[in-house]
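Participant: Okay, handing you the structure first.
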Amino acid sequence: MTVADLLDRPLGVLRLSLTARCNLACPYCLPDGQEPSGLLSLEQRLQVAKAAVALGAKSLRLTGGEPLLYKELDELIGALQPLRREGLQEIALTSNGLLLSAERAQQLREGGLDRLTLSLDGTTGTSVAAMAGLADPAAGERALEQVLRAIEHARQAGFDPAQGALKLNAVIQRNRNAEQVLPLAQLCRQQGLELRLIEYMDVGNRNCWRRAEVVPAAEMVRTISEQWPIEPLGRAGSSTANRWRYRDGRGCLAMVASVSEPFCGDCNRLRVTADGIAYTCLFAAPGSGLDLRPSLAAGRDQGDLQAALHQLWRQRANRYSEERSSSATPPGVHAEMAYLGG
């Protein structure tokens, strides 16, 4: 069964948050370090994934907070594997990489994780500290070294960047790390990684978002292309990223431009928080999601959960980024990024 929303957008991706906790305090996210009450059990998470796949989801991304803090991660990934026979095509995970040891990377790969995206917002101790909420450049330098090791651990475990199985995310914010665009591009060219540069977004409220602090994707593309010529590859359907290829053959570059170039028109992502609240937009208002826990209660039929998600998606009409772009209205109140799962 497939389900489409009011704008004829099918459900394609489930972003399943495993925890709202994080071991960093990035200023564009600012998690409060608290878990919501009533966290889903592993079995309930499996039920949510199964219902989403039954409604057409082909991709599952495990998020947080920091998903490597979730103690049952390996067990969950293993338990998700039978869903491949029901239509699930890939299982991915986004992490800041600080907890990704060589052993952990190997466990994830052998357990059935297909893709891994790591996050790094700078190439110096000072820039990493500023973007990760760390105390000083020395702490930033240690974090940078940990992420660089995590990249190598992931590569050695079999997450092949050439096959799109390992990528690097970087949020760029004016007056914080905008000068890191070229150094990050250089690092990824050296590492053979696709760099995904992400515009600073008004997700949540604690980050005190201001449009003036957004570095538009077009500006970042221009900066990089002046150093290393690139040619466009475009944006695949329902993807969040426009992609370019370096003309010298040194890999690819991607831009996630939710602010300057919204892609609401084919957005196909459903988000479920760690406590079982389903949201149909990253910029949703707090409390506007659907509580799935009644449908997940002991004794309830799996069909009840599937019916609840089906109805939620059929009523979906979100296109916040397009509305933000075409209106002078100030952004409203949004649920926090660490809670939604990014």
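Residues are named by chain letter and number: chains run A, B, ... in the order of the structure tokens, numbers start at 1 in each chain, and ligands are numbered from 1 in the order shown.
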Taking 2 positions as the minimum chain separation for residues in the same chain, which residues sit within 10 Å of A:Cys208 when counting only C-alpha atoms? Answer as number ranges by chain.
Facilitator: A: 27-29, 202-206, 210
Participant: Figure out the distance between atom CA of A:Phe283 and atom CA of A:Gly341, please, to one decimal in Å.
Facilitator: 11.4 Å
Participant: So how many Å separate atom CA of A:Pro262 and atom CA of A:Arg196, to one decimal?
Facilitator: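 Computed distance, atom CA of A:Pro262 to atom CA of A:Arg196, equals 15.8 Å.
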Participant: Please extract the residues of stretch 63-150 of chain A with a backbone DSSP assignment of strand (DSSP E) and present them as a list in words.
Facilitator: Thr63, Glu90, Ile91, Ala92, Leu93, Thr94, Ser95, Arg115, Leu116, Thr117, Leu118 and Ser119 of chain A
Participant: Got time to write the residues from that selection, N, CA, C and O atoms, as a PDB file, in the first residue's frame?
Facilitator:
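So selection_14.pdb came out as:
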ATOM      1  N   THR A  63      17.935   8.602  13.914  1.00  0.00           N
ATOM      2  CA  THR A  63      18.429   9.916  14.288  1.00  0.00           C
ATOM      3  C   THR A  63      18.371  10.110  15.803  1.00  0.00           C
ATOM      4  O   THR A  63      17.996   9.229  16.552  1.00  0.00           O
ATOM      5  N   GLU A  90      16.788   0.680   2.488  1.00  0.00           N
ATOM      6  CA  GLU A  90      18.024   1.092   3.139  1.00  0.00           C
ATOM      7  C   GLU A  90      17.768   1.544   4.564  1.00  0.00           C
ATOM      8  O   GLU A  90      16.691   2.046   4.908  1.00  0.00           O
ATOM      9  N   ILE A  91      18.802   1.336   5.396  1.00  0.00           N
ATOM     10  CA  ILE A  91      18.807   1.808   6.780  1.00  0.00           C
ATOM     11  C   ILE A  91      20.034   2.689   6.931  1.00  0.00           C
ATOM     12  O   ILE A  91      21.162   2.264   6.655  1.00  0.00           O
ATOM     13  N   ALA A  92      19.817   3.936   7.345  1.00  0.00           N
ATOM     14  CA  ALA A  92      20.906   4.907   7.465  1.00  0.00           C
ATOM     15  C   ALA A  92      20.912   5.477   8.880  1.00  0.00           C
ATOM     16  O   ALA A  92      19.943   5.338   9.639  1.00  0.00           O
ATOM     17  N   LEU A  93      22.013   6.130   9.230  1.00  0.00           N
ATOM     18  CA  LEU A  93      22.150   6.711  10.563  1.00  0.00           C
ATOM     19  C   LEU A  93      22.964   7.993  10.459  1.00  0.00           C
ATOM     20  O   LEU A  93      23.927   8.074   9.688  1.00  0.00           O
ATOM     21  N   THR A  94      22.556   9.007  11.225  1.00  0.00           N
ATOM     22  CA  THR A  94      23.289  10.266  11.303  1.00  0.00           C
ATOM     23  C   THR A  94      23.882  10.400  12.693  1.00  0.00           C
ATOM     24  O   THR A  94      23.177  10.215  13.692  1.00  0.00           O
ATOM     25  N   SER A  95      25.178  10.737  12.773  1.00  0.00           N
ATOM     26  CA  SER A  95      25.871  10.793  14.059  1.00  0.00           C
ATOM     27  C   SER A  95      26.912  11.904  14.045  1.00  0.00           C
ATOM     28  O   SER A  95      27.447  12.254  12.990  1.00  0.00           O
ATOM     29  N   ARG A 115      24.078   3.015   5.381  1.00  0.00           N
ATOM     30  CA  ARG A 115      24.713   4.310   5.148  1.00  0.00           C
ATOM     31  C   ARG A 115      24.926   5.036   6.469  1.00  0.00           C
ATOM     32  O   ARG A 115      24.128   4.913   7.389  1.00  0.00           O
ATOM     33  N   LEU A 116      25.988   5.818   6.508  1.00  0.00           N
ATOM     34  CA  LEU A 116      26.358   6.558   7.706  1.00  0.00           C
ATOM     35  C   LEU A 116      26.724   7.979   7.302  1.00  0.00           C
ATOM     36  O   LEU A 116      27.536   8.193   6.402  1.00  0.00           O
ATOM     37  N   THR A 117      26.092   8.948   7.948  1.00  0.00           N
ATOM     38  CA  THR A 117      26.430  10.353   7.727  1.00  0.00           C
ATOM     39  C   THR A 117      26.962  10.923   9.031  1.00  0.00           C
ATOM     40  O   THR A 117      26.277  10.877  10.062  1.00  0.00           O
ATOM     41  N   LEU A 118      28.182  11.439   8.982  1.00  0.00           N
ATOM     42  CA  LEU A 118      28.801  12.050  10.154  1.00  0.00           C
ATOM     43  C   LEU A 118      28.712  13.563  10.037  1.00  0.00           C
ATOM     44  O   LEU A 118      28.535  14.104   8.944  1.00  0.00           O
ATOM     45  N   SER A 119      28.833  14.234  11.162  1.00  0.00           N
ATOM     46  CA  SER A 119      28.706  15.695  11.191  1.00  0.00           C
ATOM     47  C   SER A 119      29.993  16.336  11.692  1.00  0.00           C
ATOM     48  O   SER A 119      30.576  15.888  12.676  1.00  0.00           O
TER      49      SER A 119
END
Participant: Would you mind listing what lies within 9 Å of A:Ser239 as a list of chain:residue names, with only C-alpha atoms counted and same-chain residues fewer than 2 positions away left out?
Facilitator: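 My reading of the contact set: A:Arg235, A:Ala236, A:Gly237, A:Ala241, A:Asn242, A:Phe263, A:Asp266, A:Cys267, A:Asn268.
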Participant: Which of these residues is nearest to A:Leu182, using only C-alpha atoms: A:Arg222, A:Arg247, A:Arg269, A:Arg211?
Facilitator: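 So, comparing all the options, the nearest one is A:Arg222.
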Participant: Tell me, as an MDAnalysis selection string, which residues lie within 10 Å of A:Glu231, counting only C-alpha atoms; anything in the same chain fewer than 6 positions away does not count.
Facilitator: chainID A and resid 225 243:247 252:253
Participant: For A:Leu282, which residue out of A:Asn177, A:Arg15, A:Met220, A:Gln186 is the nearest one, using only C-alpha atoms?
Facilitator: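 Checking each of A:Asn177, A:Arg15, A:Met220, A:Gln186 against A:Leu282, counting only C-alpha atoms, the winner is A:Arg15.
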Participant: Pick the closest to A:Gln306 from A:Gly56, A:Pro286, A:Pro183, A:Gly12: which is it, counting only C-alpha atoms?
Facilitator: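 Between A:Gly56, A:Pro286, A:Pro183, A:Gly12, the residue approaching A:Gln306 most closely is A:Gly56.
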Participant: Output as CSV one row per residue of stretch 19-56 of chain A within 7 Å of stretch 132-154 of chain A: the closest atom pair and its distance in Å to one decimal place, counting only C-alpha atoms, sorted by chain and residue number ascending.
Facilitator:
residue,atom,partner,partner_atom,distance
A:Leu24,CA,A:Ala132,CA,5.7
A:Ala25,CA,A:Gly133,CA,4.7
A:Cys26,CA,A:Ala132,CA,4.1
A:Pro27,CA,A:Gly133,CA,6.3
Participant: Those residues with all heavy atoms, as a PDB file, in the first residue's frame please?
Facilitator:
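Ended up saving to again.pdb:
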ATOM      1  N   LEU A  24      26.823  16.768  22.563  1.00  0.00           N
ATOM      2  CA  LEU A  24      27.275  18.097  22.155  1.00  0.00           C
ATOM      3  C   LEU A  24      26.135  19.096  22.389  1.00  0.00           C
ATOM      4  O   LEU A  24      24.996  18.706  22.652  1.00  0.00           O
ATOM      5  CB  LEU A  24      27.694  18.108  20.679  1.00  0.00           C
ATOM      6  CG  LEU A  24      28.940  17.299  20.308  1.00  0.00           C
ATOM      7  CD1 LEU A  24      29.179  17.347  18.806  1.00  0.00           C
ATOM      8  CD2 LEU A  24      30.167  17.777  21.066  1.00  0.00           C
ATOM      9  N   ALA A  25      26.457  20.372  22.248  1.00  0.00           N
ATOM     10  CA  ALA A  25      25.453  21.430  22.419  1.00  0.00           C
ATOM     11  C   ALA A  25      25.588  22.429  21.278  1.00  0.00           C
ATOM     12  O   ALA A  25      25.812  23.621  21.493  1.00  0.00           O
ATOM     13  CB  ALA A  25      25.617  22.123  23.765  1.00  0.00           C
ATOM     14  N   CYS A  26      25.459  21.951  20.057  1.00  0.00           N
ATOM     15  CA  CYS A  26      25.620  22.797  18.876  1.00  0.00           C
ATOM     16  C   CYS A  26      24.628  23.960  18.922  1.00  0.00           C
ATOM     17  O   CYS A  26      23.447  23.749  19.202  1.00  0.00           O
ATOM     18  CB  CYS A  26      25.409  21.979  17.608  1.00  0.00           C
ATOM     19  SG  CYS A  26      26.535  20.566  17.469  1.00  0.00           S
ATOM     20  N   PRO A  27      25.074  25.182  18.651  1.00  0.00           N
ATOM     21  CA  PRO A  27      24.201  26.353  18.813  1.00  0.00           C
ATOM     22  C   PRO A  27      23.011  26.389  17.866  1.00  0.00           C
ATOM     23  O   PRO A  27      22.022  27.061  18.148  1.00  0.00           O
ATOM     24  CB  PRO A  27      25.151  27.529  18.549  1.00  0.00           C
ATOM     25  CG  PRO A  27      26.263  26.962  17.739  1.00  0.00           C
ATOM     26  CD  PRO A  27      26.436  25.563  18.239  1.00  0.00           C
TER      27      PRO A  27
END
Participant: Give me every alpha helix (DSSP H) residue in stretch 17-81 of chain A, going by DSSP on the backbone, as a list of chain:residue names.
Facilitator: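 Residues meeting the alpha helix (DSSP H) criterion: A:Leu42, A:Glu43, A:Gln44, A:Arg45, A:Leu46, A:Gln47, A:Val48, A:Ala49, A:Lys50, A:Ala51, A:Ala52, A:Val53, A:Ala54, A:Leu73, A:Asp74, A:Glu75, A:Leu76, A:Ile77, A:Gly78, A:Ala79, A:Leu80.
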Participant: Identify, on the basis of only C-alpha atoms, every residue whose closest approach to stretch 213-219 of chain A does not exceed 6 Å; exclude the query and any residue fewer than 6 positions from it along the same chain; express the result as an MDAnalysis selection string.
Facilitator: chainID A and resid 173:174 200 257 260
Participant: Could you dump the residues just selected with all heavy atoms as a PDB file, in the first residue's frame?
Facilitator:
ATOM      1  N   GLN A 173      26.906  28.714   9.410  1.00  0.00           N
ATOM      2  CA  GLN A 173      26.217  29.861  10.006  1.00  0.00           C
ATOM      3  C   GLN A 173      27.118  31.094   9.916  1.00  0.00           C
ATOM      4  O   GLN A 173      28.269  31.066  10.346  1.00  0.00           O
ATOM      5  CB  GLN A 173      25.870  29.558  11.466  1.00  0.00           C
ATOM      6  CG  GLN A 173      25.063  30.641  12.150  1.00  0.00           C
ATOM      7  CD  GLN A 173      24.659  30.247  13.570  1.00  0.00           C
ATOM      8  OE1 GLN A 173      24.887  29.121  14.006  1.00  0.00           O
ATOM      9  NE2 GLN A 173      24.059  31.174  14.295  1.00  0.00           N
ATOM     10  N   ARG A 174      26.573  32.154   9.350  1.00  0.00           N
ATOM     11  CA  ARG A 174      27.362  33.385   9.224  1.00  0.00           C
ATOM     12  C   ARG A 174      27.760  33.905  10.609  1.00  0.00           C
ATOM     13  O   ARG A 174      26.999  33.823  11.561  1.00  0.00           O
ATOM     14  CB  ARG A 174      26.562  34.441   8.464  1.00  0.00           C
ATOM     15  CG  ARG A 174      27.458  35.509   7.840  1.00  0.00           C
ATOM     16  CD  ARG A 174      26.671  36.532   7.039  1.00  0.00           C
ATOM     17  NE  ARG A 174      25.925  36.004   5.904  1.00  0.00           N
ATOM     18  CZ  ARG A 174      26.481  35.658   4.751  1.00  0.00           C
ATOM     19  NH1 ARG A 174      27.793  35.742   4.581  1.00  0.00           N
ATOM     20  NH2 ARG A 174      25.733  35.199   3.756  1.00  0.00           N
ATOM     21  N   TYR A 200      21.844  27.169   7.669  1.00  0.00           N
ATOM     22  CA  TYR A 200      21.374  27.356   9.038  1.00  0.00           C
ATOM     23  C   TYR A 200      19.861  27.573   9.013  1.00  0.00           C
ATOM     24  O   TYR A 200      19.368  28.482   8.360  1.00  0.00           O
ATOM     25  CB  TYR A 200      22.098  28.568   9.627  1.00  0.00           C
ATOM     26  CG  TYR A 200      21.640  29.041  10.978  1.00  0.00           C
ATOM     27  CD1 TYR A 200      21.444  28.150  12.041  1.00  0.00           C
ATOM     28  CD2 TYR A 200      21.423  30.394  11.201  1.00  0.00           C
ATOM     29  CE1 TYR A 200      21.039  28.615  13.283  1.00  0.00           C
ATOM     30  CE2 TYR A 200      21.030  30.860  12.445  1.00  0.00           C
ATOM     31  CZ  TYR A 200      20.835  29.965  13.481  1.00  0.00           C
ATOM     32  OH  TYR A 200      20.437  30.425  14.712  1.00  0.00           O
ATOM     33  N   ALA A 257      19.520  23.337   0.965  1.00  0.00           N
ATOM     34  CA  ALA A 257      19.164  24.762   0.964  1.00  0.00           C
ATOM     35  C   ALA A 257      17.696  24.962   1.318  1.00  0.00           C
ATOM     36  O   ALA A 257      16.912  25.516   0.551  1.00  0.00           O
ATOM     37  CB  ALA A 257      19.465  25.367  -0.407  1.00  0.00           C
ATOM     38  N   SER A 260      16.920  29.033   1.310  1.00  0.00           N
ATOM     39  CA  SER A 260      16.998  29.815   0.071  1.00  0.00           C
ATOM     40  C   SER A 260      16.384  29.117  -1.141  1.00  0.00           C
ATOM     41  O   SER A 260      15.977  29.771  -2.097  1.00  0.00           O
ATOM     42  CB  SER A 260      18.456  30.171  -0.228  1.00  0.00           C
ATOM     43  OG  SER A 260      19.204  29.013  -0.545  1.00  0.00           O
TER      44      SER A 260
END
Participant: Would you mind listing what lies within 7 Å of A:Ala157 as a ChimeraX atom specification, with only C-alpha atoms counted and same-chain residues fewer than 6 positions away left out?
Facilitator: /A:105-106,109
Participant: If you keep N, CA and C atoms, can you produce a file of those selected residues as a tab-separated table (two decimals), in the first residue's frame?
Facilitator:
chain	number	residue	atom	x	y	z
A	105	ALA	N	31.89	0.84	14.60
A	105	ALA	CA	31.62	0.96	13.17
A	105	ALA	C	31.47	-0.43	12.54
A	106	GLN	N	32.33	-1.36	12.94
A	106	GLN	CA	32.26	-2.71	12.40
A	106	GLN	C	30.95	-3.39	12.80
A	109	ARG	N	28.08	-1.98	10.67
A	109	ARG	CA	28.11	-2.47	9.29
A	109	ARG	C	27.70	-3.92	9.20
Participant: Tell me, as a count of residues only, which residues lie within 12 Å of A:Ala52, counting only C-alpha atoms; anything in the same chain fewer than 6 positions away does not count.
Facilitator: 35
Participant: Quick one: pull the distance between atom CA of A:Trp209 and atom CA of A:Glu66, Å, one decimal.
Facilitator: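 Computing it gives 21.8 Å between the two atoms.
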Participant: Tell me which of A:Ala162, A:Ile230, A:Leu6, A:Ala20 sits closest to A:Met337, counting only C-alpha atoms.
Facilitator: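 Ranked by minimum distance to A:Met337, first place goes to A:Ala20.
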Participant: I'd like to know which of A:Val53, A:Ala317, A:Leu120, A:Ile277 is closest to A:Leu18, using only C-alpha atoms.
Facilitator: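 Checking each candidate against A:Leu18, we get A:Ile277 as the closest.
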Participant: Using only C-alpha atoms, which residue out of A:Leu99, A:Ala297, A:Ile198, A:Ala274 lies closest to A:Val171?
Facilitator: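 For A:Val171, the nearest of the candidates is A:Ile198.
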